[in-house]
Amino acid sequence: MRTIDWNEESNSVMLVDQTLLPKEYRVIECKTLSSLCEAIKSLRVRGAPALGAAGGFGIALAAYLSSAKDMDSIMRDLKVAGKAIVSTRPTAVNLGWGVKRVLNALSDAYDVAGVRDIALYEARAIADEDVYINKLIGKHGAKLLEDGDTVLTHCNAGKMACVDWGTALGVVRSAVEQGKEIKVIACETRPLNQGSRITTWELMQDKIPVTLITDSMAGWAMRQELVNKVIVGADRITQDAVFNKIGTYTHSVLAREHEIPFYVAAPVSSFDFKGWEGSVKIEQRDPDELRFFGSEQLAPEDVEVYNPAFDATPMENVNAVITEKGVFYPPFLLDEVLV
Ligand code: MRU
């Protein structure tokens, strides 16, 4: 199934619980808004485009759960729901974008039933468009890959981070579909290991050759000429920087040092046209993510921890941004991406 979808029979949100991968592939059902918010917060559903769909479906879910009988009351309920959803994770712009897009579509509704219908229609449109957009990103990005390339990637910007196909891994998938032989080096992506748990699993399912390394091995792999290109996804792209999983900035510096192209693949919905590096709130996560691995203690229980979930890569370190509208080479104007 898709990473996230709507269950028509029970009017609930279905999603693959990514915290269980690769050990177990389990689809869970979120029947309440609080269970969906918990799923977002604990990264059962994660990755910027998947969060966009989660935001949209979250508003549809709230519309179905609301007992309001009139327009003012249901709109009030949905605004409260929107705030609760957006507050779960602050960095990926897509989450708020998905919520806002569905709320904005409701201006066409004239009764409570219409609100439910339109909310679900719009949320589904976000999910369907995401797949289409990722295929376009893949088509544009595949032109940058040559037969025989080895691509280093960080975190998971694949189908599990989207509704399907993927952004960074979508580019790899499209190139492979065109008959190019592409290998991937997946960085494990401490502390939550989206690279080792999800990226490797996803690529192995598709029989795309993948080698796992620790994050600290990336520089040496580049120096050994084991990497031709770096492709990562993005949680937010401002005029001056790309926000992505912590560790991305380090890879960009290493790629620059080794003259390896560093590409970012992301939908236009990940662009933050008003933001800049200093204006973005970076999510700080639970210190125990570093002190423990599951129940295994890795550090003194009370050691001080710094655990930002994301970092910012300055645009100077980015060779191109691959979007559904084409490939853009910095410095570019955000306006030209929109056209
Ligand atoms: O904390 P996560 O797992 O949600 O972080 C995800 C990433 O950083 C991805 O690289 C990004 O969302 C791009 S997904 C296509």
# chains A, B, ... in the order shown; residues from 1 in each chain; ligands from 1

$ residues_around --residues "Arg173 (chain A)" --least-positions-apart "5" --cutoff "9 Å" --atoms "only C-alpha atoms" --output "count of residues only"
10

$ residues_near_ligand --ligand "ligand 1" --cutoff "6 Å" --atoms "only C-alpha atoms and all ligand atoms" --output "list of chain:residue names"
A:Arg46, A:Gly47, A:Ala48, A:Pro49, A:Cys155, A:Asn156, A:Ala157, A:Gly158, A:Ala161, A:Cys162, A:Gly166, A:Thr167, A:Gly233, A:Ala234, A:Asp235, A:Asn244, A:Lys245

$ residues_around --residues "Asn317 (chain A)" --least-positions-apart "2" --cutoff "12 Å" --atoms "only C-alpha atoms" --output "PDB file with C-alpha atoms, in the first residue's frame"
ATOM      1  CA  VAL A 230      25.154  12.917  -3.374  1.00  0.00           C
ATOM      2  CA  ASP A 240      19.653  30.607   1.356  1.00  0.00           C
ATOM      3  CA  ALA A 241      19.591  27.077   2.758  1.00  0.00           C
ATOM      4  CA  VAL A 242      18.274  23.525   2.602  1.00  0.00           C
ATOM      5  CA  THR A 248      23.217  16.560   5.671  1.00  0.00           C
ATOM      6  CA  TYR A 249      25.326  19.692   6.146  1.00  0.00           C
ATOM      7  CA  THR A 250      28.398  17.568   6.905  1.00  0.00           C
ATOM      8  CA  HIS A 251      27.866  15.570   3.692  1.00  0.00           C
ATOM      9  CA  SER A 252      27.586  18.818   1.710  1.00  0.00           C
ATOM     10  CA  VAL A 253      30.913  20.082   3.071  1.00  0.00           C
ATOM     11  CA  LEU A 254      32.556  16.747   2.329  1.00  0.00           C
ATOM     12  CA  ALA A 255      31.084  16.648  -1.183  1.00  0.00           C
ATOM     13  CA  ARG A 256      32.376  20.142  -1.885  1.00  0.00           C
ATOM     14  CA  GLU A 257      35.847  19.220  -0.609  1.00  0.00           C
ATOM     15  CA  HIS A 258      35.902  16.165  -2.898  1.00  0.00           C
ATOM     16  CA  GLU A 259      34.301  17.983  -5.888  1.00  0.00           C
ATOM     17  CA  ILE A 260      31.313  15.634  -5.893  1.00  0.00           C
ATOM     18  CA  PRO A 261      27.983  17.114  -7.068  1.00  0.00           C
ATOM     19  CA  PHE A 262      25.539  17.617  -4.188  1.00  0.00           C
ATOM     20  CA  TYR A 263      21.904  17.536  -5.296  1.00  0.00           C
ATOM     21  CA  VAL A 264      18.686  18.151  -3.383  1.00  0.00           C
ATOM     22  CA  ALA A 312      20.792  23.719   7.350  1.00  0.00           C
ATOM     23  CA  THR A 313      23.026  23.362   4.303  1.00  0.00           C
ATOM     24  CA  PRO A 314      23.925  26.727   2.789  1.00  0.00           C
ATOM     25  CA  MET A 315      22.886  27.082  -0.846  1.00  0.00           C
ATOM     26  CA  ASN A 319      24.884  22.127  -7.018  1.00  0.00           C
ATOM     27  CA  ALA A 320      21.243  21.780  -8.049  1.00  0.00           C
ATOM     28  CA  VAL A 321      17.742  21.480  -6.662  1.00  0.00           C
ATOM     29  CA  TYR A 329      20.918  25.750 -10.326  1.00  0.00           C
ATOM     30  CA  PRO A 330      21.691  28.189  -7.474  1.00  0.00           C
ATOM     31  CA  PRO A 331      21.613  31.086  -7.233  1.00  0.00           C
TER      32      PRO A 331
END

$ select_by_dssp --residues "region 60-279 of chain A" --states "helix (DSSP H, G or I)" --output "number ranges by chain"
A: 60-65, 71-86, 93-108, 112-142, 159-161, 168-177, 194-205, 215-223, 248-257, 268-270, 277-279

$ closest_residue --among "A:Arg44, A:Lys207, A:Lys23, A:Lys135" --to "Lys325 (chain A)" --atoms "only C-alpha atoms"
A:Lys135

$ residues_around --residues "region 102-110 of chain A" --least-positions-apart "3" --cutoff "7 Å" --atoms "only C-alpha atoms" --output "PDB file with all heavy atoms, in the first residue's frame"
ATOM      1  N   GLY A  56      -3.017  16.879   5.541  1.00  0.00           N
ATOM      2  CA  GLY A  56      -4.283  16.940   4.796  1.00  0.00           C
ATOM      3  C   GLY A  56      -5.281  15.924   5.320  1.00  0.00           C
ATOM      4  O   GLY A  56      -6.442  16.257   5.611  1.00  0.00           O
ATOM      5  N   ILE A  59      -6.866  16.826   8.710  1.00  0.00           N
ATOM      6  CA  ILE A  59      -8.026  17.741   8.695  1.00  0.00           C
ATOM      7  C   ILE A  59      -9.287  16.989   8.257  1.00  0.00           C
ATOM      8  O   ILE A  59     -10.371  17.184   8.822  1.00  0.00           O
ATOM      9  CB  ILE A  59      -7.749  18.960   7.775  1.00  0.00           C
ATOM     10  CG1 ILE A  59      -6.597  19.805   8.341  1.00  0.00           C
ATOM     11  CG2 ILE A  59      -8.994  19.832   7.593  1.00  0.00           C
ATOM     12  CD1 ILE A  59      -6.865  20.421   9.718  1.00  0.00           C
ATOM     13  N   GLY A  98       0.086  21.107   4.044  1.00  0.00           N
ATOM     14  CA  GLY A  98      -1.021  20.164   3.817  1.00  0.00           C
ATOM     15  C   GLY A  98      -2.268  20.582   4.586  1.00  0.00           C
ATOM     16  O   GLY A  98      -3.375  20.553   4.055  1.00  0.00           O
ATOM     17  N   VAL A  99      -2.059  20.987   5.847  1.00  0.00           N
ATOM     18  CA  VAL A  99      -3.176  21.433   6.691  1.00  0.00           C
ATOM     19  C   VAL A  99      -3.836  22.658   6.055  1.00  0.00           C
ATOM     20  O   VAL A  99      -5.061  22.727   5.889  1.00  0.00           O
ATOM     21  CB  VAL A  99      -2.658  21.770   8.112  1.00  0.00           C
ATOM     22  CG1 VAL A  99      -3.679  22.571   8.899  1.00  0.00           C
ATOM     23  CG2 VAL A  99      -2.274  20.490   8.858  1.00  0.00           C
ATOM     24  N   GLY A 114     -20.711  19.103   3.266  1.00  0.00           N
ATOM     25  CA  GLY A 114     -19.820  19.605   2.215  1.00  0.00           C
ATOM     26  C   GLY A 114     -18.400  19.764   2.729  1.00  0.00           C
ATOM     27  O   GLY A 114     -17.424  19.480   2.013  1.00  0.00           O
ATOM     28  N   VAL A 115     -18.256  20.206   3.981  1.00  0.00           N
ATOM     29  CA  VAL A 115     -16.924  20.357   4.573  1.00  0.00           C
ATOM     30  C   VAL A 115     -16.219  18.999   4.580  1.00  0.00           C
ATOM     31  O   VAL A 115     -15.062  18.876   4.186  1.00  0.00           O
ATOM     32  CB  VAL A 115     -17.014  20.926   6.014  1.00  0.00           C
ATOM     33  CG1 VAL A 115     -15.696  20.770   6.758  1.00  0.00           C
ATOM     34  CG2 VAL A 115     -17.425  22.397   5.973  1.00  0.00           C
ATOM     35  N   ILE A 118     -15.338  17.925   0.925  1.00  0.00           N
ATOM     36  CA  ILE A 118     -14.254  18.708   0.314  1.00  0.00           C
ATOM     37  C   ILE A 118     -12.922  18.413   1.010  1.00  0.00           C
ATOM     38  O   ILE A 118     -11.886  18.287   0.353  1.00  0.00           O
ATOM     39  CB  ILE A 118     -14.593  20.222   0.322  1.00  0.00           C
ATOM     40  CG1 ILE A 118     -15.767  20.475  -0.631  1.00  0.00           C
ATOM     41  CG2 ILE A 118     -13.385  21.067  -0.084  1.00  0.00           C
ATOM     42  CD1 ILE A 118     -16.302  21.886  -0.613  1.00  0.00           C
ATOM     43  N   ALA A 119     -12.977  18.297   2.352  1.00  0.00           N
ATOM     44  CA  ALA A 119     -11.725  18.022   3.088  1.00  0.00           C
ATOM     45  C   ALA A 119     -11.109  16.712   2.607  1.00  0.00           C
ATOM     46  O   ALA A 119      -9.899  16.638   2.333  1.00  0.00           O
ATOM     47  CB  ALA A 119     -11.992  17.964   4.590  1.00  0.00           C
ATOM     48  N   GLU A 122      -9.768  17.010  -1.036  1.00  0.00           N
ATOM     49  CA  GLU A 122      -8.506  17.765  -1.138  1.00  0.00           C
ATOM     50  C   GLU A 122      -7.335  16.961  -0.558  1.00  0.00           C
ATOM     51  O   GLU A 122      -6.240  16.967  -1.114  1.00  0.00           O
ATOM     52  CB  GLU A 122      -8.671  19.107  -0.399  1.00  0.00           C
ATOM     53  CG  GLU A 122      -7.648  20.160  -0.763  1.00  0.00           C
ATOM     54  CD  GLU A 122      -7.704  20.634  -2.217  1.00  0.00           C
ATOM     55  OE1 GLU A 122      -8.765  20.483  -2.874  1.00  0.00           O
ATOM     56  OE2 GLU A 122      -6.664  21.137  -2.699  1.00  0.00           O
ATOM     57  N   ALA A 123      -7.590  16.269   0.559  1.00  0.00           N
ATOM     58  CA  ALA A 123      -6.521  15.461   1.160  1.00  0.00           C
ATOM     59  C   ALA A 123      -6.096  14.360   0.196  1.00  0.00           C
ATOM     60  O   ALA A 123      -4.906  14.072   0.031  1.00  0.00           O
ATOM     61  CB  ALA A 123      -6.999  14.862   2.482  1.00  0.00           C
TER      62      ALA A 123
END

$ residues_around --residues "Val227 (chain A)" --least-positions-apart "2" --cutoff "10 Å" --atoms "only C-alpha atoms" --output "compact mmCIF listing (two decimals) with N, CA and C atoms, in the first residue's frame"
# COMPACT_ATOMS: atom_id res chain seq x y z
N ASP A 149 26.87 5.17 -11.93
CA ASP A 149 27.03 6.08 -10.79
C ASP A 149 26.77 5.38 -9.45
N THR A 150 27.47 5.87 -8.43
CA THR A 150 27.13 5.48 -7.05
C THR A 150 26.70 6.74 -6.32
N VAL A 151 25.49 6.69 -5.79
CA VAL A 151 24.88 7.86 -5.15
C VAL A 151 24.89 7.67 -3.64
N LEU A 152 25.44 8.65 -2.94
CA LEU A 152 25.35 8.62 -1.47
C LEU A 152 24.09 9.39 -1.06
N LYS A 183 24.17 2.45 -8.11
CA LYS A 183 24.32 1.87 -6.77
C LYS A 183 24.10 2.98 -5.76
N VAL A 184 23.66 2.59 -4.58
CA VAL A 184 23.42 3.59 -3.53
C VAL A 184 24.26 3.28 -2.30
N ILE A 185 24.83 4.32 -1.72
CA ILE A 185 25.44 4.19 -0.39
C ILE A 185 24.50 4.90 0.57
N ALA A 218 31.31 8.65 5.60
CA ALA A 218 31.01 9.29 4.31
C ALA A 218 32.25 9.95 3.70
N GLY A 219 33.02 10.68 4.51
CA GLY A 219 34.20 11.38 4.00
C GLY A 219 35.22 10.42 3.42
N TRP A 220 35.44 9.35 4.14
CA TRP A 220 36.42 8.35 3.68
C TRP A 220 35.95 7.67 2.40
N ALA A 221 34.63 7.39 2.34
CA ALA A 221 34.07 6.77 1.12
C ALA A 221 34.28 7.71 -0.07
N MET A 222 34.16 9.01 0.16
CA MET A 222 34.37 9.98 -0.93
C MET A 222 35.85 10.02 -1.31
N ARG A 223 36.71 10.03 -0.31
CA ARG A 223 38.15 10.09 -0.59
C ARG A 223 38.61 8.84 -1.34
N GLN A 224 37.94 7.74 -1.07
CA GLN A 224 38.26 6.48 -1.76
C GLN A 224 37.61 6.41 -3.15
N GLU A 225 36.97 7.49 -3.54
CA GLU A 225 36.28 7.59 -4.84
C GLU A 225 35.19 6.52 -5.01
N LYS A 229 27.99 10.94 -6.73
CA LYS A 229 26.99 11.99 -6.53
C LYS A 229 26.36 11.84 -5.17
N VAL A 230 25.93 12.96 -4.62
CA VAL A 230 25.15 12.92 -3.37
C VAL A 230 23.76 13.44 -3.72
N ALA A 255 31.26 16.75 0.27
CA ALA A 255 31.08 16.65 -1.18
C ALA A 255 31.81 17.80 -1.89
N HIS A 258 35.50 17.23 -1.97
CA HIS A 258 35.90 16.16 -2.90
C HIS A 258 35.38 16.40 -4.32
N ILE A 260 32.39 16.57 -5.52
CA ILE A 260 31.31 15.63 -5.89
C ILE A 260 30.02 16.44 -5.93
N PRO A 261 29.24 16.34 -7.02
CA PRO A 261 27.98 17.11 -7.07
C PRO A 261 27.04 16.75 -5.92

$ residues_around --residues "Glu283 (chain A)" --least-positions-apart "3" --cutoff "7 Å" --atoms "only C-alpha atoms" --output "list in words"
Arg89, Pro90, Thr91, Pro308, Ala309 and Phe310 of chain A

$ atom_distance --atom1 "CA of Met1 (chain A)" --atom2 "CA of Met14 (chain A)"
9.5 Å
